[in-house]
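Asks: Got a structure for you, questions after.
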Amino acid sequence: MALLTDGPVSDLRDLQAMDSTILETAKHEGIELNAKIEIATEQIQLEVAAFLLRTQASSILPSGTGSYELSRVVVTPGLHRWHTLRTLVEVYSDAYNSQLNDRYLGKWKHFSLQAREASELLFELGVGLVGLPIPRGGLPTVTSAGGNGPTETYLVRVGWRSAQGATGSPGDAVVYDASGGELIQVSPGAPPAGVAGWDVYVGTATAPITQQNGGPIGLDQLWLLPESGLVAGAAPGTGQKPEYHVRRSRTFF
């Protein structure tokens, strides 16, 4: 699962799943949905930080850290649902206050109620956290390595790995057109603190993206596509799972 600080929690597909008319509404009213997604993220981060601070749970975290450190928060299904609903609240609040349309008012009230219920349920079930967060992978640098390879279009993603083997969420794919039939090499970019290696995931226009390395690749190493081609490795994961939860009444494993 992704971390709360990895980037947008929900996307346009999530909004459409909750409200099939959201794209038409946003277009008609001139509302930038990605901006509303960011606003909802900021609001939820503040509420989660305040909740964790109130729990006084810092004793279960490593020395020198606070329970309100959002980089440790995992985007669980409950948090994801809350964020999607909170984004819809921002959209219909804007739409109603712009047009004073009762249809928008009804949706604003409807999604506000659902968002409050989702937040209450999340805090009742618990906010998921990890002890050592592994940030989402960034955009890799893909370059030609010469050699003899197929004429192919590659899609490349990278993810970080801790010394203990925990893996973060892979980043977005970079597309590289090897029209000259050359092999490719991949650099993951500057590593964040707390990671010890990285993983590479590669696919093509006709083959799924899968992991190409066995063990972790060293931080000072590049990955080179072998002349034998891609291997059928594991599919990219979704990141870290919660190691524990913090809820209103107590902390539990």
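In the structure tokens, each chain is lettered A, B, ... as it comes, each chain's residues begin at 1, and ligands are numbered from 1 in order of appearance.
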Quick one: DSSP strand (DSSP E or B) residues in segment 32-139 of chain A, as JSON, numbers by chain?
Replies: {"A": [73, 74, 127, 128, 129]}
Asks: Mind running segment 106-148 of chain A against segment 86-96 of chain A at 12 Å and telling me each contacting residue's nearest atom pair with the distance in Å (one decimal), counting only C-alpha atoms, chain and number ascending, as a tab-separated table?
Replies:
residue	atom	partner	partner_atom	distance
A:Gly106	CA	A:Tyr92	CA	8.9
A:Lys107	CA	A:Tyr92	CA	6.5
A:Trp108	CA	A:Tyr92	CA	5.0
A:Lys109	CA	A:Val89	CA	8.0
A:His110	CA	A:Val89	CA	8.6
A:Phe111	CA	A:Val89	CA	5.6
A:Ser112	CA	A:Val89	CA	5.7
A:Leu113	CA	A:Val89	CA	9.3
A:Gln114	CA	A:Arg86	CA	8.7
A:Ala115	CA	A:Arg86	CA	5.6
A:Arg116	CA	A:Arg86	CA	8.6
A:Glu117	CA	A:Arg86	CA	10.9
A:Ala118	CA	A:Arg86	CA	9.3
A:Ser119	CA	A:Arg86	CA	9.4
Asks: Report the closest atom pair, with its distance in Å rounded to one decimal, for each residue of segment 1-94 of chain A that has an atom no farther than 12 Å from segment 170-174 of chain A; count only C-alpha atoms, sort by chain and then rising residue number, and write it as CSV.
Replies:
residue,atom,partner,partner_atom,distance
A:Met1,CA,A:Pro170,CA,10.2
A:Ala2,CA,A:Pro170,CA,9.0
A:Leu3,CA,A:Pro170,CA,11.5
A:Asp6,CA,A:Gly171,CA,9.3
A:Gly7,CA,A:Gly171,CA,10.2
Asks: In Å, rounded to a single decimal, give me how far atom CA of Ala26 of chain A is from atom CA of Asp11 of chain A.
Replies: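 Going from atom CA of Asp11 of chain A over to atom CA of Ala26 of chain A, I get 14.0 Å.
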Asks: Fewer than 4 positions away in the same chain doesn't count, so skip those; otherwise give me all residues within 10 Å of Val130 of chain A, counting only C-alpha atoms, as a CSV table (one decimal) with C-alpha atoms, in the first residue's frame.
Replies:
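Result saved to selection-v3.csv:
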chain,number,residue,atom,x,y,z
A,3,LEU,CA,2.1,6.0,2.1
A,61,LEU,CA,7.6,4.6,17.5
A,71,SER,CA,5.4,9.7,6.3
A,72,ARG,CA,4.6,6.6,8.4
A,73,VAL,CA,0.9,6.5,7.6
A,74,VAL,CA,-0.2,3.8,5.2
A,134,ILE,CA,9.9,3.4,2.3
A,240,GLN,CA,4.1,-1.5,2.5
A,241,LYS,CA,1.3,-2.9,4.6
A,242,PRO,CA,0.6,-1.5,8.1
A,243,GLU,CA,2.8,-3.0,10.8
A,244,TYR,CA,0.4,-1.7,13.5
A,245,HIS,CA,-2.7,0.5,13.9
Asks: So which residues of segment 6-67 of chain A fall under alpha helix (DSSP H) by DSSP, listed as number ranges by chain?
Replies: A: 12-18, 22-29, 33-55
Asks: Just write the chosen residues, N, CA, C and O atoms, as a compact mmCIF listing (two decimals), in the first residue's frame.
Replies:
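The result, stored in again.txt:
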# COMPACT_ATOMS: atom_id res chain seq x y z
N LEU A 12 -8.98 10.22 -10.65
CA LEU A 12 -10.25 10.50 -11.29
C LEU A 12 -11.14 9.26 -11.39
O LEU A 12 -12.37 9.35 -11.30
N ARG A 13 -10.52 8.09 -11.53
CA ARG A 13 -11.31 6.86 -11.61
C ARG A 13 -12.03 6.60 -10.29
O ARG A 13 -13.17 6.11 -10.27
N ASP A 14 -11.37 6.92 -9.18
CA ASP A 14 -12.00 6.73 -7.87
C ASP A 14 -13.19 7.68 -7.71
O ASP A 14 -14.24 7.28 -7.17
N LEU A 15 -13.03 8.92 -8.17
CA LEU A 15 -14.14 9.88 -8.07
C LEU A 15 -15.32 9.42 -8.92
O LEU A 15 -16.47 9.50 -8.49
N GLN A 16 -15.03 8.91 -10.12
CA GLN A 16 -16.10 8.43 -10.99
C GLN A 16 -16.82 7.22 -10.41
O GLN A 16 -18.03 7.05 -10.62
N ALA A 17 -16.10 6.38 -9.69
CA ALA A 17 -16.73 5.21 -9.08
C ALA A 17 -17.75 5.63 -8.02
O ALA A 17 -18.76 4.94 -7.82
N MET A 18 -17.49 6.75 -7.35
CA MET A 18 -18.41 7.27 -6.34
C MET A 18 -19.52 8.13 -6.95
O MET A 18 -20.63 8.19 -6.44
N ILE A 22 -19.24 13.11 -12.17
CA ILE A 22 -18.29 14.09 -11.63
C ILE A 22 -17.50 14.79 -12.74
O ILE A 22 -17.21 15.99 -12.65
N LEU A 23 -17.11 14.08 -13.79
CA LEU A 23 -16.32 14.70 -14.86
C LEU A 23 -17.14 15.75 -15.60
O LEU A 23 -16.63 16.84 -15.92
N GLU A 24 -18.41 15.45 -15.88
CA GLU A 24 -19.27 16.40 -16.56
C GLU A 24 -19.51 17.63 -15.69
O GLU A 24 -19.50 18.77 -16.19
N THR A 25 -19.72 17.40 -14.38
CA THR A 25 -19.94 18.52 -13.47
C THR A 25 -18.71 19.43 -13.41
O THR A 25 -18.83 20.65 -13.49
N ALA A 26 -17.55 18.83 -13.29
CA ALA A 26 -16.32 19.61 -13.21
C ALA A 26 -16.09 20.41 -14.49
O ALA A 26 -15.70 21.60 -14.44
N LYS A 27 -16.35 19.79 -15.63
CA LYS A 27 -16.16 20.49 -16.90
C LYS A 27 -17.14 21.63 -17.04
O LYS A 27 -16.78 22.75 -17.45
N HIS A 28 -18.40 21.39 -16.68
CA HIS A 28 -19.44 22.40 -16.83
C HIS A 28 -19.20 23.60 -15.91
O HIS A 28 -19.45 24.75 -16.29
N GLU A 29 -18.69 23.33 -14.71
CA GLU A 29 -18.50 24.40 -13.72
C GLU A 29 -17.07 24.94 -13.70
O GLU A 29 -16.76 25.83 -12.90
N LEU A 33 -10.31 19.21 -11.02
CA LEU A 33 -10.42 18.09 -10.08
C LEU A 33 -9.10 17.75 -9.41
O LEU A 33 -9.08 17.39 -8.22
N ASN A 34 -7.99 17.83 -10.12
CA ASN A 34 -6.71 17.52 -9.49
C ASN A 34 -6.39 18.49 -8.36
O ASN A 34 -5.78 18.11 -7.36
N ALA A 35 -6.81 19.74 -8.52
CA ALA A 35 -6.61 20.72 -7.43
C ALA A 35 -7.45 20.34 -6.21
O ALA A 35 -6.99 20.48 -5.07
N LYS A 36 -8.66 19.85 -6.44
CA LYS A 36 -9.51 19.43 -5.33
C LYS A 36 -8.94 18.18 -4.65
O LYS A 36 -9.06 18.02 -3.42
N ILE A 37 -8.34 17.30 -5.43
CA ILE A 37 -7.69 16.12 -4.85
C ILE A 37 -6.56 16.55 -3.92
O ILE A 37 -6.40 16.00 -2.82
N GLU A 38 -5.80 17.55 -4.32
CA GLU A 38 -4.70 18.05 -3.48
C GLU A 38 -5.23 18.72 -2.22
O GLU A 38 -4.67 18.53 -1.13
N ILE A 39 -6.30 19.49 -2.35
CA ILE A 39 -6.89 20.14 -1.17
C ILE A 39 -7.39 19.10 -0.18
O ILE A 39 -7.17 19.22 1.04
N ALA A 40 -8.07 18.07 -0.69
CA ALA A 40 -8.56 17.00 0.19
C ALA A 40 -7.41 16.29 0.88
O ALA A 40 -7.50 15.92 2.06
N THR A 41 -6.31 16.09 0.17
CA THR A 41 -5.13 15.45 0.76
C THR A 41 -4.60 16.27 1.91
O THR A 41 -4.28 15.75 2.99
N GLU A 42 -4.47 17.58 1.72
CA GLU A 42 -3.96 18.46 2.77
C GLU A 42 -4.88 18.44 3.99
O GLU A 42 -4.40 18.40 5.13
N GLN A 43 -6.19 18.46 3.77
CA GLN A 43 -7.13 18.43 4.88
C GLN A 43 -7.02 17.13 5.66
O GLN A 43 -7.01 17.12 6.91
N ILE A 44 -6.95 16.02 4.96
CA ILE A 44 -6.86 14.72 5.63
C ILE A 44 -5.54 14.58 6.37
O ILE A 44 -5.48 14.03 7.47
N GLN A 45 -4.46 15.06 5.78
CA GLN A 45 -3.17 15.00 6.46
C GLN A 45 -3.22 15.76 7.79
O GLN A 45 -2.70 15.28 8.80
N LEU A 46 -3.86 16.92 7.80
CA LEU A 46 -3.99 17.69 9.03
C LEU A 46 -4.82 16.94 10.06
O LEU A 46 -4.47 16.89 11.25
N GLU A 47 -5.93 16.35 9.63
CA GLU A 47 -6.79 15.63 10.58
C GLU A 47 -6.13 14.38 11.11
O GLU A 47 -6.25 14.06 12.31
N VAL A 48 -5.43 13.65 10.26
CA VAL A 48 -4.73 12.45 10.72
C VAL A 48 -3.59 12.83 11.67
O VAL A 48 -3.39 12.17 12.70
N ALA A 49 -2.86 13.90 11.36
CA ALA A 49 -1.78 14.34 12.23
C ALA A 49 -2.32 14.72 13.61
O ALA A 49 -1.75 14.34 14.64
N ALA A 50 -3.43 15.45 13.63
CA ALA A 50 -4.04 15.84 14.90
C ALA A 50 -4.51 14.62 15.68
O ALA A 50 -4.33 14.54 16.91
N PHE A 51 -5.11 13.66 14.98
CA PHE A 51 -5.58 12.44 15.64
C PHE A 51 -4.42 11.67 16.26
O PHE A 51 -4.49 11.24 17.42
N LEU A 52 -3.35 11.48 15.50
CA LEU A 52 -2.20 10.73 16.01
C LEU A 52 -1.54 11.45 17.18
O LEU A 52 -1.07 10.81 18.13
N LEU A 53 -1.51 12.76 17.12
CA LEU A 53 -0.93 13.52 18.23
C LEU A 53 -1.77 13.36 19.49
O LEU A 53 -1.23 13.23 20.59
N ARG A 54 -3.08 13.32 19.33
CA ARG A 54 -3.96 13.16 20.50
C ARG A 54 -3.83 11.78 21.12
O ARG A 54 -4.10 11.60 22.31
N THR A 55 -3.47 10.78 20.33
CA THR A 55 -3.39 9.43 20.89
C THR A 55 -2.20 9.25 21.82
O THR A 55 -2.12 8.25 22.54
Asks: Could you tell me how far atom CA of Val127 of chain A lies from atom CA of Gly168 of chain A, in Å and to one decimal?
Replies: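 These two atoms are separated by 18.2 Å.
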Asks: Here is a test: counting only C-alpha atoms, which residue of A:Thr5, A:Ser10, A:Thr84, A:Thr141 is nearest to Gly189 of chain A?
Replies: A:Thr141
